[in-house]
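Asker: Let me begin by handing over the structure; questions about it come next.
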Amino acid sequence: MINDCIIDFDALLKNYKDVGIYEFDNPSVHKYLISIAINFKDSFTEIKTSNPYVIVLKTIAYYLQSNDIIMTKNKIYDFLIISYNFLNYSNEKIKDNQSISKSQVIDDSLFDICNDILNQYDLYEDSVRMQIPNLIVDIITGLLFKSDPYGNKISVFQIKSFYMSKKEAIINKNYSYPSEILKKSFNDPESITCDKDNNNNNEYCNVLKEERKISHNVIEKESFNFLSNIENNEKLFFDNDVVYRISQITNRDIDSIRQSLSKVTEKEIKKLIDICNNHDKIIRLSKINNITDFKFEIERDLNRSLSDKQIRHSQISIKKVQFYIESLLDSKFEIHLTHGINHVKHNFEYGYRLAGLLKNSKSIS
C-alpha cells in the first residue's frame, strides 16, 4: 500500500499538464486539482485503488465532468492516448504489486475501444460525453492492471465487454459517475475546510476560497509551430500532388497543410506519400461495408489470402484514414516513453500494410 502522505500530487499533475490540452496553467485550477487528489479517498470512497497515477487521472476526469466541460473528439483522443501513456509509464516509477501485461491483445483492445469511442462520440448526449473521460480512465486502468479503480478484477480478454457494458449503462442512464461533491466544494467556498495545523493544505484552501469563479473553457493549444521558411523544407519532403491528395482526404486548405507538413518528419512524409499514391484504392475500399466483399477485394489486389482478423483490422484502419492523416499532420501520436512507438498509430499502419497501402518496413507473416 502506498503511503498517501508522501505522494507529490503537485509533481504528478505538472507532469500531466505538460501536454497543454487543459487550463492547468491557471494556478487556481492547479491547486484545486491538488486539493481533490489529496482528499480523493474521502470524497470518492467507492474507489479502492491506491495508485497515485490513477488517482490523478480520476481527479482530472471528475474535474472535467463536474464543471460540465464537453471535450471535442480530438481532445478525447488526446485524453485517451496521453492517459494511457501516463498510466503505463507509472509502472516504471512505482510498484503497486500489480503486474502490467504488455501484449498484442492489449494493443488490439485499445485500438478497438479507441475506434468505437471516436466513431460514436458525436452521437452521444452532452451528459454522456461529459462522462467519457471517466470511462476511459476505468478502461485503461483495467486494461493495464487487470482491475478497475473500484477493485473489480478484469481479464484483458474481458476488457471489451466490460467497456461496452459500462458504456451502455451510461447511455441508458442506468449508471452515472458522481460529480455533485466536486460541484459543491468548487462553487461553495465555505464548504472547503482547511486544516490549521497543515500549512501546505491551508495554502491550497485559501487560494480556493479566494478564487470564487474560474473560467472552464479548455485552452486550445496549437498542435504545431509555423516555420519562418517553409520552402526549403517543402522541396525536401513533399510535392504539390501530395498536398492536393491530402487536401482531398482531410478537406483542409492547402496553406494549412503545407504548414503542417513542414513539421512532419521525412519518415512520416513517406508514409503520407504511400497513402496518397493509393488514394483511389482507399476510396474504393472505404465504401465496402460487407466484410466478405472487402476480403475479396483485398485478396484480389494482393494476390494472397489474409485471415479474417487481419481483414477486419485492415477495414477499420482504412475507414479511419482521414483521422490517421490528420493525427500525423497535427502531431497527435505521442510516442510511448518506454516502447518508442505509439500503439494506436502502430495499429493503423499495420492495417494499411496488410492492405498493401504502405510499404512494408519488414515482412508481415
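Each chain in the C-alpha cells gets a letter, A, B and so on, in the order shown; residues start at 1 in every chain, and ligands are counted from 1 in the order they appear.
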Go through region 36-124 of chain A and flag each residue having an atom no more than 8 Å from region 343-355 of chain A; for those, report the closest pair of atoms plus their distance in Å to one decimal, using only C-alpha atoms, ordered by chain and rising number, as a tab-separated table.
Answerer:
```
residue	atom	partner	partner_atom	distance
A:Asp107	CA	A:His343	CA	6.2
A:Asp108	CA	A:Asn347	CA	7.5
A:Leu110	CA	A:Val344	CA	7.5
A:Phe111	CA	A:Val344	CA	5.7
```
Asker: Put those residues in a file: N, CA and C atoms, as a compact mmCIF listing (two decimals), in the first residue's frame.
Answerer:
```txt
# COMPACT_ATOMS: atom_id res chain seq x y z
N ASP A 107 -2.83 -4.10 -27.22
CA ASP A 107 -2.81 -3.16 -28.34
C ASP A 107 -4.11 -3.23 -29.14
N ASP A 108 -4.55 -4.45 -29.44
CA ASP A 108 -5.77 -4.62 -30.23
C ASP A 108 -6.99 -4.10 -29.47
N LEU A 110 -7.09 -1.80 -27.09
CA LEU A 110 -7.05 -0.33 -27.04
C LEU A 110 -7.46 0.26 -28.38
N PHE A 111 -7.00 -0.33 -29.45
CA PHE A 111 -7.32 0.16 -30.80
C PHE A 111 -8.82 0.07 -31.05
```
Asker: Could you check the closest approach to His279 (chain A) for each of A:Asp241, A:Asp116, A:Asp126, A:Asp330 and tell me which residue wins, using only C-alpha atoms?
Answerer: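 Checking each candidate against His279 (chain A), we get A:Asp241 as the closest.
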Asker: Using only C-alpha atoms, pick whichever of A:Ala37, A:Leu13, A:Val242, A:Ile159 has the shortest atom-to-atom distance to Ile136 (chain A).
Answerer: A:Ile159
Asker: Residues at most 9 Å from Ile171 (chain A), counting only C-alpha atoms, excluding those fewer than 5 positions away in the same chain, as number ranges by chain?
Answerer: A: 124-125, 127-128, 166, 176
Asker: Could you give me, as a PyMOL selection string, the residues within 9 Å of Ser147 (chain A), counting only C-alpha atoms and dropping anything in the same chain fewer than 6 positions from it?
Answerer: chain A and resi 49+98+138+141+153-155
Asker: For the helix (DSSP H, G or I) assignment from backbone DSSP, which residues of region 24-174 of chain A qualify? Please present them as number ranges by chain.
Answerer: A: 27-38, 40-43, 52-66, 73-92, 104-123, 126-129, 132-145, 159-171
Asker: CA of Ile257 (chain A) and CA of Leu328 (chain A) are how many Å apart?
Answerer: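 Result for CA of Ile257 (chain A) versus CA of Leu328 (chain A): 11.0 Å, one decimal.
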Asker: Write out as a PDB file with C-alpha atoms, in the first residue's frame the residues lying within 8 Å of Leu33 (chain A), counting only C-alpha atoms and excluding same-chain residues fewer than 6 positions away.
Answerer:
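Full text of selection39.pdb as output:
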```pdb
ATOM      1  CA  THR A  59      -9.210  13.680 -10.451  1.00  0.00           C
ATOM      2  CA  ILE A  60      -8.872  15.235 -13.909  1.00  0.00           C
ATOM      3  CA  TYR A  63     -12.942  17.897 -12.690  1.00  0.00           C
TER       4      TYR A  63
END
```
Asker: If you count only C-alpha atoms, which residues fall within 12 Å of Glu168 (chain A), apart from same-chain ones fewer than 6 positions away, as a PyMOL selection string?
Answerer: chain A and resi 120+124+128+132+135+161-162+174-176
Asker: Interatomic distance between CA of Lys287 (chain A) and CA of Lys160 (chain A)?
Answerer: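 Answer for the CA of Lys287 (chain A) to CA of Lys160 (chain A) separation: 26.2 Å.
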Asker: Between A:Met130, A:Ser314, A:Gln322, A:Lys267, which residue has the minimum interatomic distance to Arg252 (chain A), considering only C-alpha atoms?
Answerer: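 Closest candidate: A:Gln322.
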Asker: Could you check how far CA of Asp78 (chain A) sits from CA of Ile113 (chain A), in Å to one decimal?
Answerer: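 It comes out at 14.0 Å.
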Asker: Identify, on the basis of only C-alpha atoms, every residue whose closest approach to region 300-307 of chain A does not exceed 10 Å; exclude the query and any residue fewer than 6 positions from it along the same chain; express the result as number ranges by chain.
Answerer: A: 281, 294, 313, 354-356, 365
Asker: Which of these, A:Glu268, A:Lys295, A:Val105, A:Asp308, has the shortest distance to Ser331 (chain A) once you count only C-alpha atoms?
Answerer: A:Glu268
